[in-house]
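Raw model_17.csv, CSV, C-alpha atoms:
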```csv
chain,number,residue,atom,x,y,z
Z,25,MET,CA,28.3,47.8,-34.8
Z,26,ASP,CA,30.6,46.4,-32.1
Z,27,LEU,CA,28.5,44.7,-29.4
Z,28,SER,CA,31.4,42.7,-27.9
Z,29,THR,CA,32.0,42.4,-24.2
Z,30,SER,CA,34.1,40.6,-21.7
Z,31,TYR,CA,32.5,38.5,-19.0
Z,32,LEU,CA,34.5,36.3,-16.5
Z,33,GLY,CA,37.4,36.7,-18.8
Z,34,LEU,CA,35.4,35.3,-21.7
Z,35,THR,CA,35.2,37.4,-24.9
Z,36,LEU,CA,31.6,37.4,-26.0
Z,37,PRO,CA,30.3,38.8,-29.3
Z,38,HIS,CA,27.5,40.6,-27.5
Z,39,PRO,CA,26.2,40.7,-23.9
Z,40,PHE,CA,23.0,38.5,-24.2
Z,41,MET,CA,23.3,35.1,-22.6
Z,42,THR,CA,20.8,32.8,-20.9
Z,43,GLY,CA,20.6,32.6,-17.2
Z,44,ALA,CA,20.0,29.5,-15.2
Z,45,SER,CA,16.9,27.8,-16.5
Z,46,PRO,CA,15.4,24.4,-17.6
Z,47,LEU,CA,16.2,25.3,-21.3
Z,48,VAL,CA,19.4,23.3,-21.0
Z,49,ASP,CA,17.7,20.0,-20.3
Z,50,ARG,CA,17.0,19.4,-24.0
Z,51,LEU,CA,19.8,19.5,-26.6
Z,52,ASP,CA,17.4,20.7,-29.3
Z,53,LEU,CA,16.6,23.8,-27.3
Z,54,VAL,CA,20.2,24.3,-26.6
Z,55,LYS,CA,20.9,24.2,-30.3
Z,56,ARG,CA,18.1,26.6,-31.0
Z,57,LEU,CA,19.6,29.0,-28.5
Z,58,GLU,CA,22.9,28.9,-30.3
Z,59,ASP,CA,21.1,29.3,-33.7
Z,60,ALA,CA,19.4,32.4,-32.2
Z,61,GLY,CA,22.8,33.9,-31.5
Z,62,VAL,CA,23.1,33.5,-27.7
Z,63,ALA,CA,26.5,34.5,-26.5
Z,64,ALA,CA,26.8,32.0,-23.7
Z,65,ILE,CA,24.6,29.5,-21.9
Z,66,THR,CA,24.2,29.1,-18.1
Z,67,MET,CA,22.9,25.8,-16.9
Z,68,HIS,CA,20.3,25.4,-14.2
Z,69,SER,CA,21.7,24.7,-10.8
Z,70,LEU,CA,22.8,21.4,-9.3
Z,71,PHE,CA,21.5,21.7,-5.8
Z,72,GLU,CA,23.4,21.1,-2.6
Z,73,GLU,CA,20.5,18.9,-1.5
Z,74,GLN,CA,21.1,16.6,-4.4
Z,75,LEU,CA,24.6,16.1,-3.3
Z,76,LEU,CA,23.5,15.3,0.2
Z,77,LEU,CA,20.9,12.9,-1.2
Z,78,GLU,CA,23.6,11.2,-3.2
Z,79,GLN,CA,25.7,10.8,-0.1
Z,80,LYS,CA,22.7,9.6,1.8
Z,81,ALA,CA,22.0,6.9,-0.8
Z,82,THR,CA,25.6,5.7,-0.5
Z,83,MET,CA,25.5,5.7,3.3
Z,84,ARG,CA,22.5,3.4,3.3
Z,85,HIS,CA,24.8,0.6,2.1
Z,86,VAL,CA,26.9,0.9,5.3
Z,87,VAL,CA,24.4,2.0,7.9
Z,88,ALA,CA,20.9,0.9,8.7
Z,89,HIS,CA,19.4,4.2,9.9
Z,90,GLU,CA,17.1,5.8,7.3
Z,91,GLU,CA,17.7,9.3,8.6
Z,92,SER,CA,21.5,9.4,8.8
Z,93,PHE,CA,21.4,13.0,7.6
Z,94,ALA,CA,19.7,16.1,8.9
Z,95,GLU,CA,15.9,15.7,9.3
Z,96,ALA,CA,15.4,18.7,7.1
Z,97,LEU,CA,16.6,16.7,4.2
Z,98,SER,CA,13.3,14.7,4.2
Z,99,PHE,CA,11.4,17.9,3.2
Z,100,PHE,CA,13.2,18.0,-0.2
Z,101,PRO,CA,12.2,16.0,-3.3
Z,102,ASP,CA,13.4,12.5,-3.8
Z,103,ARG,CA,16.4,11.9,-6.1
Z,104,ASP,CA,14.2,11.0,-9.0
Z,105,ASP,CA,12.2,14.2,-8.8
Z,106,TYR,CA,15.2,16.3,-9.8
Z,107,ARG,CA,15.6,16.9,-13.6
Z,108,LEU,CA,19.3,15.9,-13.5
Z,109,GLY,CA,21.1,14.0,-10.8
Z,110,PRO,CA,24.8,14.8,-10.0
Z,111,ASP,CA,26.1,12.3,-12.6
Z,112,GLU,CA,23.5,13.2,-15.2
Z,113,TYR,CA,24.4,16.9,-14.7
Z,114,LEU,CA,28.0,16.3,-15.5
Z,115,GLU,CA,27.1,14.2,-18.5
Z,116,GLN,CA,24.8,17.0,-19.7
Z,117,ILE,CA,27.7,19.4,-19.6
Z,118,ARG,CA,29.6,17.1,-21.9
Z,119,ARG,CA,26.7,16.8,-24.2
Z,120,ILE,CA,26.1,20.5,-24.5
Z,121,LYS,CA,29.8,21.2,-25.0
Z,122,ALA,CA,29.7,18.7,-27.9
Z,123,THR,CA,26.6,20.3,-29.3
Z,124,VAL,CA,27.4,24.0,-29.3
Z,125,ASP,CA,30.4,26.3,-29.6
Z,126,VAL,CA,29.4,29.0,-27.2
Z,127,PRO,CA,30.7,29.1,-23.6
Z,128,VAL,CA,28.8,26.9,-21.1
Z,129,ILE,CA,28.6,28.0,-17.5
Z,130,ALA,CA,27.7,25.4,-14.8
Z,131,SER,CA,25.8,26.3,-11.7
Z,132,LEU,CA,25.7,25.2,-8.0
Z,133,ASN,CA,23.0,26.2,-5.7
Z,134,GLY,CA,23.2,25.8,-1.9
Z,135,SER,CA,23.4,27.4,1.5
Z,136,SER,CA,26.3,25.7,3.4
Z,137,GLY,CA,28.8,24.7,0.7
Z,138,ALA,CA,28.7,21.0,1.3
Z,139,GLY,CA,30.3,19.2,-1.6
Z,140,TRP,CA,30.7,22.3,-3.6
Z,141,VAL,CA,34.5,22.1,-4.0
Z,142,GLU,CA,34.4,18.5,-5.2
Z,143,TYR,CA,31.6,19.1,-7.7
Z,144,ALA,CA,33.0,22.4,-8.9
Z,145,ARG,CA,36.1,20.4,-9.9
Z,146,LEU,CA,34.1,17.7,-11.6
Z,147,MET,CA,32.2,20.4,-13.6
Z,148,GLU,CA,35.5,21.9,-14.7
Z,149,ASP,CA,36.7,18.4,-15.7
Z,150,ALA,CA,33.4,17.8,-17.6
Z,151,GLY,CA,34.2,20.8,-19.8
Z,152,ALA,CA,32.3,23.8,-18.4
Z,153,ASP,CA,33.9,27.1,-19.2
Z,154,ALA,CA,33.0,28.7,-15.8
Z,155,ILE,CA,30.8,28.2,-12.8
Z,156,GLU,CA,28.1,30.3,-11.1
Z,157,LEU,CA,27.6,29.9,-7.4
Z,158,ASN,CA,24.1,30.6,-6.2
Z,159,VAL,CA,24.2,30.9,-2.4
Z,160,TYR,CA,20.5,30.7,-1.7
Z,161,PHE,CA,20.0,31.1,2.1
Z,162,LEU,CA,17.0,32.5,4.0
Z,163,ALA,CA,18.0,33.3,7.5
Z,164,THR,CA,15.1,32.3,9.8
Z,165,ASP,CA,17.1,31.6,12.9
Z,166,PHE,CA,16.8,34.6,15.3
Z,167,GLU,CA,20.3,33.9,16.6
Z,168,THR,CA,22.0,34.2,13.2
Z,169,PRO,CA,23.6,37.6,12.7
Z,170,GLY,CA,23.9,39.2,9.3
Z,171,LEU,CA,27.7,39.1,9.4
Z,172,GLU,CA,27.7,35.3,9.7
Z,173,ILE,CA,25.6,35.0,6.5
Z,174,GLU,CA,28.0,37.3,4.6
Z,175,GLN,CA,31.0,35.4,5.9
Z,176,ARG,CA,29.5,32.2,4.7
Z,177,VAL,CA,29.0,33.5,1.2
Z,178,VAL,CA,32.5,34.8,1.0
Z,179,GLN,CA,34.0,31.6,2.5
Z,180,ILE,CA,32.2,29.4,0.0
Z,181,ALA,CA,33.3,31.6,-2.9
Z,182,ARG,CA,36.9,31.6,-1.7
Z,183,MET,CA,36.9,27.8,-1.2
Z,184,VAL,CA,35.7,27.1,-4.7
Z,185,LYS,CA,37.9,29.8,-6.3
Z,186,ASP,CA,41.0,28.3,-4.7
Z,187,ALA,CA,40.1,24.8,-5.9
Z,188,VAL,CA,39.4,25.4,-9.6
Z,189,ARG,CA,41.1,27.0,-12.6
Z,190,PHE,CA,38.1,28.2,-14.5
Z,191,PRO,CA,36.3,31.5,-13.7
Z,192,VAL,CA,33.9,31.7,-10.8
Z,193,ALA,CA,30.9,34.0,-10.6
Z,194,VAL,CA,28.6,34.5,-7.5
Z,195,LYS,CA,24.9,35.1,-7.9
Z,196,LEU,CA,23.8,37.4,-5.1
Z,197,SER,CA,20.5,38.3,-3.5
Z,198,PRO,CA,19.6,41.9,-2.8
Z,199,PHE,CA,19.0,41.3,0.9
Z,200,PHE,CA,22.4,41.9,2.5
Z,201,SER,CA,22.6,44.8,4.9
Z,202,SER,CA,25.5,46.2,2.9
Z,203,ILE,CA,25.6,44.9,-0.6
Z,204,ALA,CA,28.6,47.2,-1.4
Z,205,ASN,CA,30.7,45.6,1.4
Z,206,VAL,CA,29.8,42.0,0.4
Z,207,THR,CA,30.7,42.6,-3.2
Z,208,ARG,CA,34.0,44.2,-2.2
Z,209,GLN,CA,34.8,41.1,0.0
Z,210,LEU,CA,34.0,38.8,-2.9
Z,211,ASP,CA,36.1,40.9,-5.3
Z,212,ALA,CA,39.0,40.7,-2.8
Z,213,ALA,CA,38.5,36.9,-2.6
Z,214,GLY,CA,39.2,36.8,-6.4
Z,215,VAL,CA,35.8,35.9,-7.8
Z,216,ASP,CA,35.6,36.7,-11.5
Z,217,GLY,CA,32.1,38.0,-11.7
Z,218,LEU,CA,28.9,38.9,-9.8
Z,219,VAL,CA,25.3,38.3,-11.0
Z,220,LEU,CA,22.7,40.8,-9.7
Z,221,PHE,CA,20.2,39.5,-8.5
Z,222,ASN,CA,18.8,36.2,-7.5
Z,223,ARG,CA,15.0,36.2,-7.5
Z,224,PHE,CA,13.8,34.7,-4.2
Z,225,TYR,CA,10.5,32.9,-5.0
Z,226,GLN,CA,7.8,34.0,-2.6
Z,227,PRO,CA,5.4,31.3,-1.2
Z,228,ASP,CA,1.7,31.9,-1.4
Z,229,ILE,CA,-1.0,30.3,0.9
Z,230,ASP,CA,-3.8,28.1,-0.4
Z,231,VAL,CA,-6.6,29.0,2.0
Z,232,ASP,CA,-8.7,26.0,1.0
Z,233,SER,CA,-6.1,23.2,1.5
Z,234,LEU,CA,-4.3,25.1,4.3
Z,235,ASP,CA,-1.0,24.5,2.6
Z,236,VAL,CA,1.8,26.6,1.3
Z,237,ALA,CA,1.6,27.0,-2.5
Z,238,PRO,CA,4.8,27.6,-4.4
Z,239,ARG,CA,4.3,30.2,-7.1
Z,240,LEU,CA,6.6,30.7,-10.1
Z,241,LEU,CA,6.2,34.2,-11.5
Z,242,LEU,CA,8.3,35.3,-14.5
Z,243,SER,CA,10.1,38.6,-14.3
Z,244,GLU,CA,8.9,41.9,-15.7
Z,245,SER,CA,10.8,44.9,-16.9
Z,246,SER,CA,9.9,46.7,-13.6
Z,247,GLU,CA,12.2,44.4,-11.7
Z,248,LEU,CA,15.1,45.8,-13.6
Z,249,LEU,CA,15.1,49.0,-11.5
Z,250,LEU,CA,16.6,47.5,-8.4
Z,251,ARG,CA,19.4,46.0,-10.5
Z,252,LEU,CA,20.1,49.3,-12.3
Z,253,ARG,CA,20.6,51.0,-8.9
Z,254,TRP,CA,23.2,48.5,-7.8
Z,255,LEU,CA,24.9,48.1,-11.2
Z,256,ALA,CA,25.3,51.9,-11.1
Z,257,ILE,CA,26.7,51.9,-7.6
Z,258,LEU,CA,29.2,49.0,-8.2
Z,259,SER,CA,30.3,49.8,-11.8
Z,260,GLY,CA,33.9,50.9,-12.0
Z,261,ARG,CA,34.6,50.1,-8.3
Z,262,LEU,CA,35.3,46.4,-8.6
Z,263,ASN,CA,37.8,44.3,-10.6
Z,264,CYS,CA,35.3,41.6,-11.4
Z,265,SER,CA,32.6,41.4,-14.1
Z,266,LEU,CA,29.0,42.5,-13.5
Z,267,ALA,CA,26.0,40.6,-14.9
Z,268,VAL,CA,22.4,41.5,-14.6
Z,269,THR,CA,19.6,38.9,-14.4
Z,270,GLY,CA,15.9,39.6,-14.0
Z,271,GLY,CA,13.9,42.3,-15.7
Z,272,VAL,CA,15.6,42.5,-19.1
Z,273,HIS,CA,12.9,41.9,-21.7
Z,274,SER,CA,13.8,44.3,-24.6
Z,275,GLY,CA,16.7,46.0,-26.3
Z,276,LEU,CA,15.9,49.2,-24.4
Z,277,ASP,CA,16.1,47.3,-21.1
Z,278,ALA,CA,19.6,46.1,-22.2
Z,279,VAL,CA,20.6,49.7,-23.0
Z,280,LYS,CA,19.8,50.8,-19.5
Z,281,ALA,CA,21.6,47.8,-18.0
Z,282,ILE,CA,24.8,48.5,-20.0
Z,283,MET,CA,24.6,52.2,-19.2
Z,284,ALA,CA,24.5,51.3,-15.5
Z,285,GLY,CA,27.5,49.1,-15.9
Z,286,ALA,CA,26.5,45.6,-16.9
Z,287,ASP,CA,29.1,43.5,-18.8
Z,288,ALA,CA,26.6,40.7,-19.5
Z,289,ILE,CA,22.9,40.3,-19.6
Z,290,GLN,CA,21.2,37.1,-18.5
Z,291,VAL,CA,17.8,36.5,-20.0
Z,292,VAL,CA,15.4,33.8,-18.9
Z,293,SER,CA,11.8,34.9,-18.6
Z,294,ALA,CA,11.7,36.6,-22.0
Z,295,VAL,CA,13.0,33.4,-23.7
Z,296,LEU,CA,10.6,31.2,-21.8
Z,297,GLN,CA,7.7,33.5,-22.9
Z,298,HIS,CA,8.8,34.1,-26.5
Z,299,GLY,CA,11.3,31.4,-27.4
Z,300,PRO,CA,15.0,31.5,-28.3
Z,301,SER,CA,14.3,34.0,-31.2
Z,302,GLN,CA,13.9,36.7,-28.5
Z,303,ILE,CA,17.7,36.7,-28.1
Z,304,LYS,CA,18.1,37.9,-31.7
Z,305,LYS,CA,15.3,40.4,-31.4
Z,306,MET,CA,16.8,42.0,-28.4
Z,307,ARG,CA,20.3,42.1,-29.9
Z,308,ASP,CA,18.9,43.8,-33.1
Z,309,GLU,CA,17.0,46.3,-30.9
Z,310,LEU,CA,20.2,47.1,-29.0
Z,311,GLU,CA,22.2,47.5,-32.2
Z,312,ARG,CA,19.6,49.8,-33.8
Z,313,TRP,CA,19.5,52.0,-30.6
Z,314,LEU,CA,23.2,52.4,-30.6
Z,315,GLU,CA,23.3,53.3,-34.3
Z,316,ASP,CA,20.4,55.8,-33.9
Z,317,HIS,CA,22.2,57.5,-31.1
Z,318,GLU,CA,25.6,57.5,-32.9
Z,319,TYR,CA,27.5,55.1,-30.6
Z,320,GLN,CA,30.4,53.2,-32.1
Z,321,SER,CA,30.2,50.3,-29.7
Z,322,ALA,CA,28.4,49.0,-26.6
Z,323,GLN,CA,31.6,49.5,-24.7
Z,324,GLN,CA,31.4,53.2,-25.4
Z,325,MET,CA,28.3,53.6,-23.3
Z,326,ARG,CA,29.1,51.0,-20.6
Z,327,GLY,CA,28.9,52.6,-17.2
Z,328,SER,CA,28.1,56.0,-18.6
Z,329,MET,CA,25.2,56.3,-16.0
Z,330,SER,CA,27.1,54.8,-13.1
Z,331,LEU,CA,27.6,56.7,-9.8
Z,332,LEU,CA,31.3,56.6,-10.2
Z,333,ARG,CA,31.0,59.9,-11.9
Z,334,CYS,CA,29.2,61.3,-8.9
Z,335,PRO,CA,31.4,62.6,-6.0
Z,336,ASP,CA,28.9,61.5,-3.3
Z,337,PRO,CA,26.7,58.6,-4.4
Z,338,ALA,CA,24.9,58.5,-1.1
Z,339,ALA,CA,23.9,62.1,-1.3
Z,340,PHE,CA,22.9,61.5,-5.0
Z,341,GLU,CA,20.7,58.6,-4.0
Z,342,ARG,CA,19.2,60.6,-1.1
Z,343,ALA,CA,18.4,63.5,-3.4
Z,344,ASN,CA,16.6,61.2,-5.9
Z,345,TYR,CA,14.7,59.6,-3.1
Z,346,THR,CA,13.5,63.0,-1.9
Z,347,ARG,CA,12.7,64.2,-5.4
Z,348,ILE,CA,10.6,61.1,-6.4
Z,349,LEU,CA,8.5,61.4,-3.3
Z,350,GLN,CA,7.5,64.9,-4.3
Z,351,THR,CA,6.4,63.8,-7.8
Z,352,TRP,CA,3.2,62.1,-6.5
Z,353,ARG,CA,0.1,64.3,-6.6
Z,354,VAL,CA,-3.2,63.4,-5.0
```

Could you write out this file's structure as structure tokens?
Amino acid sequence: MDLSTSYLGLTLPHPFMTGASPLVDRLDLVKRLEDAGVAAITMHSLFEEQLLLEQKATMRHVVAHEESFAEALSFFPDRDDYRLGPDEYLEQIRRIKATVDVPVIASLNGSSGAGWVEYARLMEDAGADAIELNVYFLATDFETPGLEIEQRVVQIARMVKDAVRFPVAVKLSPFFSSIANVTRQLDAAGVDGLVLFNRFYQPDIDVDSLDVAPRLLLSESSELLLRLRWLAILSGRLNCSLAVTGGVHSGLDAVKAIMAGADAIQVVSAVLQHGPSQIKKMRDELERWLEDHEYQSAQQMRGSMSLLRCPDPAAFERANYTRILQTWRV
């Protein structure tokens, strides 16, 4: 069975790859991922705040003021609290490339783009096969219009794309007013792929300590539904690759994602829960499903359930919305 796919211009033997996660911090786990048959490995992000902290540490040698940078920086962890600093991150790329033969995708996470061009180039020089830009920004300023946020994302992507030679993907959130328009702008800017969607972590409140309590919840298959909708809407309408992240926990989940139009499938929670062997299990489940349903390849069914085949996607979505509301019976 031919499970091969193309993502960011990279030819992969199958669509299953790891998304950004702490799995890359240990070379033994990285090797286990390769042994389990992972098609590509995405590193966890190097954060913009780390780059600012690095600059801040340098500035302390030439200025006496402790808070030479924005006050908000003091809310973030100290340099030693991050798993890998900027220099260590670049070295880890080199180590992973020397350990495995699968493509390695670096990742940058930020909101303003400070230092991104420089470090994107350094990641390319370190041997990364591509880069994923994770523009994580929560607009809490009442004066910030939605258009400004969209323009920021596109500008950052264009800056990085113009500065490097290797492929550039952008990891998006589902909270834009017009996801379709943002993706078209990014496609026109030349990005090589889009990753749907970033999972914004929701804070909880500790009522005893009167403090905000960060909670990390792993994804579930139910989260795939939002991704399926937008994969189906975007599939066939953009030149860039489409990847899904969040909600894929089985081979059947993968079938749905590919039918909706996914070129690649990023898996994190399922691997954290069940170990690297989950990659092989999901690949085997996908292959069996294709054989049972008499497909010759994964490519044959890719996008088969996209809305490109529907003359009026908006009306189709509206009709489904109306229909599902009528299914509930009290």

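Pairwise distance (CA of Leu296 in chain Z, CA of Gly217 in chain Z) equals 24.7 Å.
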
Box dimensions and centre (Å, one decimal) enclosing range 321-336 of chain Z, axis-aligned, 4 Å extra per side, as lines of an AutoDock Vina configuration file:
```
center_x = 28.4
center_y = 55.8
center_z = -16.5
size_x = 14.4
size_y = 21.6
size_z = 34.4
```

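CA of Leu57 in chain Z is positioned 5.2 Å from CA of Pro300 in chain Z.
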
Within 9 Å of (21.0, 46.3, -29.4) (file coordinates; all atoms listed in the file), which protein or nucleic acid residues are there? I'd like them as a ChimeraX atom specification. /Z:27,38,274-276,278-279,305-315,322

Those same residues, written as a PDB file, in the coordinates of the input with C-alpha atoms?
```
ATOM      1  CA  LEU Z  27      28.500  44.700 -29.400  1.00  0.00           C
ATOM      2  CA  HIS Z  38      27.500  40.600 -27.500  1.00  0.00           C
ATOM      3  CA  SER Z 274      13.800  44.300 -24.600  1.00  0.00           C
ATOM      4  CA  GLY Z 275      16.700  46.000 -26.300  1.00  0.00           C
ATOM      5  CA  LEU Z 276      15.900  49.200 -24.400  1.00  0.00           C
ATOM      6  CA  ALA Z 278      19.600  46.100 -22.200  1.00  0.00           C
ATOM      7  CA  VAL Z 279      20.600  49.700 -23.000  1.00  0.00           C
ATOM      8  CA  LYS Z 305      15.300  40.400 -31.400  1.00  0.00           C
ATOM      9  CA  MET Z 306      16.800  42.000 -28.400  1.00  0.00           C
ATOM     10  CA  ARG Z 307      20.300  42.100 -29.900  1.00  0.00           C
ATOM     11  CA  ASP Z 308      18.900  43.800 -33.100  1.00  0.00           C
ATOM     12  CA  GLU Z 309      17.000  46.300 -30.900  1.00  0.00           C
ATOM     13  CA  LEU Z 310      20.200  47.100 -29.000  1.00  0.00           C
ATOM     14  CA  GLU Z 311      22.200  47.500 -32.200  1.00  0.00           C
ATOM     15  CA  ARG Z 312      19.600  49.800 -33.800  1.00  0.00           C
ATOM     16  CA  TRP Z 313      19.500  52.000 -30.600  1.00  0.00           C
ATOM     17  CA  LEU Z 314      23.200  52.400 -30.600  1.00  0.00           C
ATOM     18  CA  GLU Z 315      23.300  53.300 -34.300  1.00  0.00           C
ATOM     19  CA  ALA Z 322      28.400  49.000 -26.600  1.00  0.00           C
TER      20      ALA Z 322
END
```

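The coordinates place CA of Met41 in chain Z at 22.9 Å from CA of Val188 in chain Z.
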
Pick the closest to Arg223 in chain Z from Z:Ala294, Z:Ala187, Z:Cys264, Z:Val159: which is it, counting only C-alpha atoms? Z:Val159

Taking the point (28.4, 48.4, -11.6) as given in the file, collect each protein or nucleic acid residue that comes within 10 Å of it, counting all atoms listed in the file, and present the set as a PyMOL selection string. chain Z and resi 218+220+251-262+264-268+281-287+326-327+329-332

Could you give me, as a tab-separated table, every range 285-345 of chain Z residue with an atom at most 8 Å from range 59-67 of chain Z, plus its closest atom pair and distance in Å to one decimal, counting all atoms listed in the file, rows ordered by chain then number?
```
residue	atom	partner	partner_atom	distance
Z:Pro300	CA	Z:Ala60	CA	5.9
Z:Ser301	CA	Z:Ala60	CA	5.4
Z:Gln302	CA	Z:Ala60	CA	7.9
Z:Ile303	CA	Z:Ala60	CA	6.2
Z:Lys304	CA	Z:Ala60	CA	5.7
```

Contacts of range 167-182 of chain Z at 8 Å (all atoms listed in the file; same-chain gap of 6+ positions) as a VMD selection string: chain Z and resid 136 to 137 157 159 192 194 200 to 201 206 209 to 210 213 to 215

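Proximity to Met25 in chain Z was assessed for Z:Asp277, Z:Asp316, Z:Asp125, Z:Glu244 counting all atoms listed in the file; the smallest distance is recorded for Z:Asp316.
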
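Considering only C-alpha atoms, the residue among Z:Arg239, Z:Gly33, Z:Glu72, Z:Ala288 positioned nearest to Tyr143 in chain Z is Z:Glu72.
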
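The smallest atom-to-atom distance between Pro337 in chain Z and any of Z:Ala204, Z:His68, Z:Arg56, Z:Asp165, using only C-alpha atoms, is found for Z:Ala204.
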